[in-house]
Amino acid sequence: MHRITGRAGGDSLIEMSPTDSFNDDVNGYHQHVSSSTGSLQPEQSPSPLTPDVCVETCDSLNTSLASLAQSEHSDSPQHESDTLERIETLTGWRKRAQFLKFRSRIDKQQHSKDSVFFRDGVRRIDFVLSYLDDKDGERKQERRKMYEANLVNVGLELETEDKSESDDGKTYFVKIHAPWEVLATYADVLKIKVPFKVNDIPDNGDMPMNWLSTPFRLPEHIMHPEPDYFTAPFDKSKSDFFLIDDKATFFPPSVRNRIVYYILSRCSYFKDECGVKDKKGIKRLLNNCTYTAAFPLHDCRYWTKAKDANCESERYHLHKHWARFLCFYKEQPLNLIRKYYGEKIGIYFAWLGFYTEMLLFAAIVGTLCFVYGFLTFDDNQWSKDICSAEIGGNIVMCPLCDKKCGYWKLNSTCNSSWQSHLFDNVGTVFFAIFMAIWVTLFLEFWKRRQARLEYEWDLVDFEEEQQQLQLRPEYETKCTNRKLNRITQEMELVLNRTPTDLMGKLLLCWATVTLWISLIIACIIGVIAYRLAVYAAFASIMKDNPTTNLQVVGPYITPQLATSVTASCINFVIIMILNLMYERVAVWITDMEIPKTHLEYENKLTVKMFLFQFVNYYSSCFYVAFFKGKFVGYPGNYAYMFGSTLRNEECDPGGCLIELTTQLVIVMTGKQVWGNIQEALVPWMMNWWGSRKARNHPESLYSRWEQDHDLQGFGQLGLFYEYLEMVIQFGFITLFVASFPLAPLLALINNIIEVRVDAWKLTTQFRRPVAAKAHSIGAWEEILNGMAVLSVVTNAFIVAFTSDMIPRLVYMYAYQPDGELNMKGYISNSLSSFNISVIPVENRPDDDENPSWFNNSIDTCRYRDYRYPSGHEKQYSHTMQFWHILAAKLAFIIIMEHVAFLVKFFVAWMIPDVPSEVRARVKRERYLVQEYLHNYEVEKLKIQLSQNVNEECNCSPMIYPCLTKHEVLSECL
């Protein structure tokens, strides 16, 4: 038995016997069937039985067979015999039609499964639309019919794949090809820069000892997939001025799909005479489910090269040299990324790679500061005093909460004191100043790298030239008027909005943003209330010595640590939930503003999302750094949260810095781990589930457009969330880095993974995004500059008010009783005493909460503050040492900020934003464009004059005797 497998719609597998045969004629009847009568028609003229005919008539044969089987039969035996004969004939024809239908499909898919061309193998598929054949979709059919007709009218060529050819038997695919005339016209409109001369400026970019970077390099054809050219905006009327060797390959696929998407976004799906302006654009058709997807094709499968020699197989090279994790130490093929995905995605990976490179220096210095803290353990005199049985063991501390917290001894915080020293030491101040300089160098050097990319990728004058051409279709459809642009002296579309409408929308938008930010603050207050309420419970549960139950980790588990860790985890969960909710709100209110351009849309959304994320992620860290333990009061006069019974939190005796470190580690690490899992696992799982049916069929039946259709859509805001993730991380390593010097190291490890995860998912799990231009990272650059300035302030305040560095220095230089430069006696000096007998009843601990060693002979307790003791004429008011420390803190903030800002401004002044070499190249290219265009026009005029007088020009053949006209026009100076 010979088996031929295939699948179309609901058809099952067909088994054919070698003895089965079909003739072109059966019992004198031809294959043509009348669907209306259900009878076979006599053969009028011989016609070959082709697969296409069988595909078209297969359904008609099925209908005819059913009609005969259900018809009323005559009692005549002859009529019954004729009917059975016809049924047998129809059954034979149906089998053959189905067989040829599958054979046709298999043959065609074997030819085109990995091809990005039409069936003729010549016209390239620039875009694909897909839709489902809905039973109740008459309006959708009408919209598709009109939309596709309008696409044809503007010059695009379409080819439709029937649903019987799709894997699920339900999806139609419309393949779109843009011929040369369309590409040339819109390249002229969009001012796309194309080559006109090979770059003749020698490259002096070789660095000394360049051989050291050999292990990190990629092959030259991957790093530089095409030669370096001088370029100029395309002009259709001067097409022979440019270096056009082959019109089919002159515009790369990324430019082709960008042009086609520009057309799709502005093509109407109603007749022009209908006058419905907003009924246009592929985005609206996708939103109303007229089409299910619209995407350009990948050029091959990512794990193997395309069999078609005309396919570039750039996706395969990107996966092999870029997307695999084993390539983490290799440079990124930015030029190939730009060529395949467009400048917008290319500039993101360039920025991410540069950011990761710069993190290496911050990670090294941060690690050295951490190692310094580890190596100076033995010099940590204040921790020795806390852990000492003679000093810390004899200091009785006041309760940290009302009723449920008992008295405790200072040496119970021995471990947290040692842990705090790892991050709270002299190296902290140095690292905070270093990071202020590092962030300046990062931003300044990035500007230089960005300027170089702008030149190399033809983006120097992009914003000025392209601003009007980047109008959003959603904006155009709402425009009802035109006005004269004073700069271009051209009529441009304007939105007719009254001041009342404008103010109303702005108020609504920002009121919504304010409401959500208030919601975040409310959640943070809720977490603070949780801290206050749960701390008492933990203190009551853990009042006994924890080492009796947990010998290894028991000493490290304290009520403060348990409260901080659980509150940080709860805060992280709240952050993730609020993020999911606010994303939709931010997009909705930005759409309501109807921004004019794509750049304006992204900038507005960026501001809203960043403000929200800033408050969402950093508010808890700001609370721990600048508010916790600062408004506590003292025994007998404690401060309470909003007048409730919850007493404001105190810092751990080791300082609030260790709690800030805990908060930072949990939120930052949790966000990065969750983000990478979500980015990698979710698309993979969805693609695995979506393509489960296709995996059960031969590869020859899984076409290129079906494979890409089953992938995830990247979306217009795909890069927005990538930037947002990295900028939030940038905030963690700059705003609070003084509390956690290892933050840059964690960010470096995450980013090494992030680059390859983003590359992997973009190459393997997502459809090919529509290419888009961008000359910079947009509004994110200003946000980074703002965070760089803010980081200097926050780190200065962290060192001054959260760390114990300044109080220790003041004690060592001004209050050390022996006049020595050491920290002996610092612990006792930093604690004030209070008379237990005067503690109010509502603040005293319950009798069963006090430890067994506490007795009535203990009459005083200590607390963290600088206040006069009881019995003093200024009892419980701040001592002079407190004011000295406060003055020292303010002086440190002023000095550190001024030093950091002076260094920042000096470095920024010393490093020009645009390298001198790039400026020279830009001037050289502009000069050549003008010179070449001038000579081109002169030569063209000479040729025209010579043709008018029927005379041949002798100049060009004498100077260029062996060159064609095109070469003469383009090479002449």
# chains A, B, ... in the order shown; residues from 1 in each chain; ligands from 1
$ select_by_dssp --residues "region 183-329 of chain A" --states "strand (DSSP E)" --output "MDAnalysis selection string"
chainID A and resid 193:198 229:233 293:295
$ select_by_dssp --residues "region 277-490 of chain A" --states "helix (DSSP H, G or I)" --output "VMD selection string"
chain A and resid 282 to 287 314 to 323 325 to 327 334 to 341 343 to 375 377 to 379 381 to 387 392 to 394 410 to 423 426 to 456 462 to 466 468 to 470 473 to 478
$ residues_around --residues "Val255 (chain A)" --least-positions-apart "4" --cutoff "10 Å" --atoms "only C-alpha atoms" --output "PyMOL selection string"
chain A and resi 126+183+187+192+250-251+259-261+339-342+770-773
$ write_last_selection --atoms "N, CA, C and O atoms" --output "PDB file, in the first residue's frame"
ATOM      1  N   ASP A 126       7.099  41.014   0.236  1.00  0.00           N
ATOM      2  CA  ASP A 126       7.504  42.096   1.112  1.00  0.00           C
ATOM      3  C   ASP A 126       6.643  42.178   2.364  1.00  0.00           C
ATOM      4  O   ASP A 126       7.091  42.740   3.377  1.00  0.00           O
ATOM      5  N   LEU A 183       8.395  51.169  -5.141  1.00  0.00           N
ATOM      6  CA  LEU A 183       9.505  51.389  -4.227  1.00  0.00           C
ATOM      7  C   LEU A 183      10.215  52.707  -4.527  1.00  0.00           C
ATOM      8  O   LEU A 183      10.542  53.469  -3.613  1.00  0.00           O
ATOM      9  N   ALA A 187      10.294  55.736  -1.946  1.00  0.00           N
ATOM     10  CA  ALA A 187      11.635  56.061  -1.465  1.00  0.00           C
ATOM     11  C   ALA A 187      11.927  57.537  -1.675  1.00  0.00           C
ATOM     12  O   ALA A 187      12.592  58.185  -0.847  1.00  0.00           O
ATOM     13  N   ILE A 192      14.518  58.330   1.536  1.00  0.00           N
ATOM     14  CA  ILE A 192      15.400  57.249   1.967  1.00  0.00           C
ATOM     15  C   ILE A 192      16.761  57.434   1.310  1.00  0.00           C
ATOM     16  O   ILE A 192      16.860  57.615   0.096  1.00  0.00           O
ATOM     17  N   PHE A 250      18.247  46.425  -5.005  1.00  0.00           N
ATOM     18  CA  PHE A 250      18.763  47.750  -4.654  1.00  0.00           C
ATOM     19  C   PHE A 250      18.253  48.186  -3.282  1.00  0.00           C
ATOM     20  O   PHE A 250      19.004  48.686  -2.458  1.00  0.00           O
ATOM     21  N   PHE A 251      16.962  47.999  -3.045  1.00  0.00           N
ATOM     22  CA  PHE A 251      16.404  48.293  -1.724  1.00  0.00           C
ATOM     23  C   PHE A 251      16.424  47.017  -0.890  1.00  0.00           C
ATOM     24  O   PHE A 251      15.821  46.012  -1.288  1.00  0.00           O
ATOM     25  N   ILE A 259       8.543  50.514   3.490  1.00  0.00           N
ATOM     26  CA  ILE A 259       7.758  51.235   2.486  1.00  0.00           C
ATOM     27  C   ILE A 259       6.367  50.641   2.365  1.00  0.00           C
ATOM     28  O   ILE A 259       5.354  51.359   2.327  1.00  0.00           O
ATOM     29  N   VAL A 260       6.282  49.311   2.319  1.00  0.00           N
ATOM     30  CA  VAL A 260       4.982  48.657   2.174  1.00  0.00           C
ATOM     31  C   VAL A 260       4.108  48.951   3.395  1.00  0.00           C
ATOM     32  O   VAL A 260       2.903  49.211   3.254  1.00  0.00           O
ATOM     33  N   TYR A 261       4.686  48.929   4.578  1.00  0.00           N
ATOM     34  CA  TYR A 261       3.885  49.230   5.770  1.00  0.00           C
ATOM     35  C   TYR A 261       3.403  50.677   5.750  1.00  0.00           C
ATOM     36  O   TYR A 261       2.292  50.968   6.213  1.00  0.00           O
ATOM     37  N   LYS A 339      20.684  46.218   9.320  1.00  0.00           N
ATOM     38  CA  LYS A 339      20.250  45.862   7.966  1.00  0.00           C
ATOM     39  C   LYS A 339      19.007  44.981   7.988  1.00  0.00           C
ATOM     40  O   LYS A 339      18.121  45.120   7.139  1.00  0.00           O
ATOM     41  N   TYR A 340      18.924  44.079   8.969  1.00  0.00           N
ATOM     42  CA  TYR A 340      17.820  43.117   8.997  1.00  0.00           C
ATOM     43  C   TYR A 340      16.589  43.674   9.693  1.00  0.00           C
ATOM     44  O   TYR A 340      15.460  43.475   9.246  1.00  0.00           O
ATOM     45  N   TYR A 341      16.786  44.371  10.815  1.00  0.00           N
ATOM     46  CA  TYR A 341      15.656  44.830  11.624  1.00  0.00           C
ATOM     47  C   TYR A 341      15.391  46.333  11.527  1.00  0.00           C
ATOM     48  O   TYR A 341      14.355  46.800  12.004  1.00  0.00           O
ATOM     49  N   GLY A 342      16.313  47.094  10.966  1.00  0.00           N
ATOM     50  CA  GLY A 342      16.124  48.527  10.884  1.00  0.00           C
ATOM     51  C   GLY A 342      16.907  49.265  11.956  1.00  0.00           C
ATOM     52  O   GLY A 342      17.412  48.678  12.921  1.00  0.00           O
ATOM     53  N   VAL A 770       8.487  45.352  11.673  1.00  0.00           N
ATOM     54  CA  VAL A 770       8.578  46.295  10.567  1.00  0.00           C
ATOM     55  C   VAL A 770       9.748  47.233  10.838  1.00  0.00           C
ATOM     56  O   VAL A 770       9.880  47.779  11.932  1.00  0.00           O
ATOM     57  N   ALA A 771      10.618  47.403   9.857  1.00  0.00           N
ATOM     58  CA  ALA A 771      11.792  48.255  10.029  1.00  0.00           C
ATOM     59  C   ALA A 771      11.359  49.699  10.256  1.00  0.00           C
ATOM     60  O   ALA A 771      10.420  50.190   9.627  1.00  0.00           O
ATOM     61  N   ALA A 772      12.034  50.357  11.159  1.00  0.00           N
ATOM     62  CA  ALA A 772      11.735  51.762  11.464  1.00  0.00           C
ATOM     63  C   ALA A 772      13.036  52.492  11.731  1.00  0.00           C
ATOM     64  O   ALA A 772      14.023  51.898  12.173  1.00  0.00           O
ATOM     65  N   LYS A 773      13.028  53.781  11.453  1.00  0.00           N
ATOM     66  CA  LYS A 773      14.206  54.604  11.664  1.00  0.00           C
ATOM     67  C   LYS A 773      14.125  55.316  13.014  1.00  0.00           C
ATOM     68  O   LYS A 773      13.048  55.673  13.469  1.00  0.00           O
TER      69      LYS A 773
END
$ residues_around --residues "region 635-649 of chain A" --least-positions-apart "2" --cutoff "8 Å" --atoms "only C-alpha atoms" --output "PDB file with C-alpha atoms, in the first residue's frame"
ATOM      1  CA  CYS A 398      14.387  50.180  75.097  1.00  0.00           C
ATOM      2  CA  LEU A 400      11.114  48.821  69.686  1.00  0.00           C
ATOM      3  CA  CYS A 401       7.327  48.647  69.775  1.00  0.00           C
ATOM      4  CA  ASP A 402       4.534  49.013  72.294  1.00  0.00           C
ATOM      5  CA  ALA A 529       1.623  49.710  58.148  1.00  0.00           C
ATOM      6  CA  ARG A 531       5.888  46.548  58.767  1.00  0.00           C
ATOM      7  CA  LEU A 532       4.711  48.233  61.948  1.00  0.00           C
ATOM      8  CA  ALA A 533       2.013  45.683  62.713  1.00  0.00           C
ATOM      9  CA  LYS A 628      12.526  55.265  58.246  1.00  0.00           C
ATOM     10  CA  GLY A 629      13.969  55.949  61.715  1.00  0.00           C
ATOM     11  CA  PHE A 631      10.768  60.607  62.864  1.00  0.00           C
ATOM     12  CA  VAL A 632      10.622  58.199  65.781  1.00  0.00           C
ATOM     13  CA  GLY A 633      10.714  60.444  68.848  1.00  0.00           C
ATOM     14  CA  CYS A 651      16.240  51.618  62.295  1.00  0.00           C
ATOM     15  CA  PHE A 834      15.978  56.856  79.532  1.00  0.00           C
ATOM     16  CA  VAL A 838       8.743  57.143  83.657  1.00  0.00           C
ATOM     17  CA  ILE A 839       7.848  55.172  80.508  1.00  0.00           C
ATOM     18  CA  PRO A 840       4.059  55.524  80.022  1.00  0.00           C
ATOM     19  CA  ASN A 843       4.385  52.058  75.916  1.00  0.00           C
TER      20      ASN A 843
END
$ residues_around --residues "Cys387 (chain A)" --least-positions-apart "5" --cutoff "7 Å" --atoms "only C-alpha atoms" --output "PyMOL selection string"
chain A and resi 392+411+414
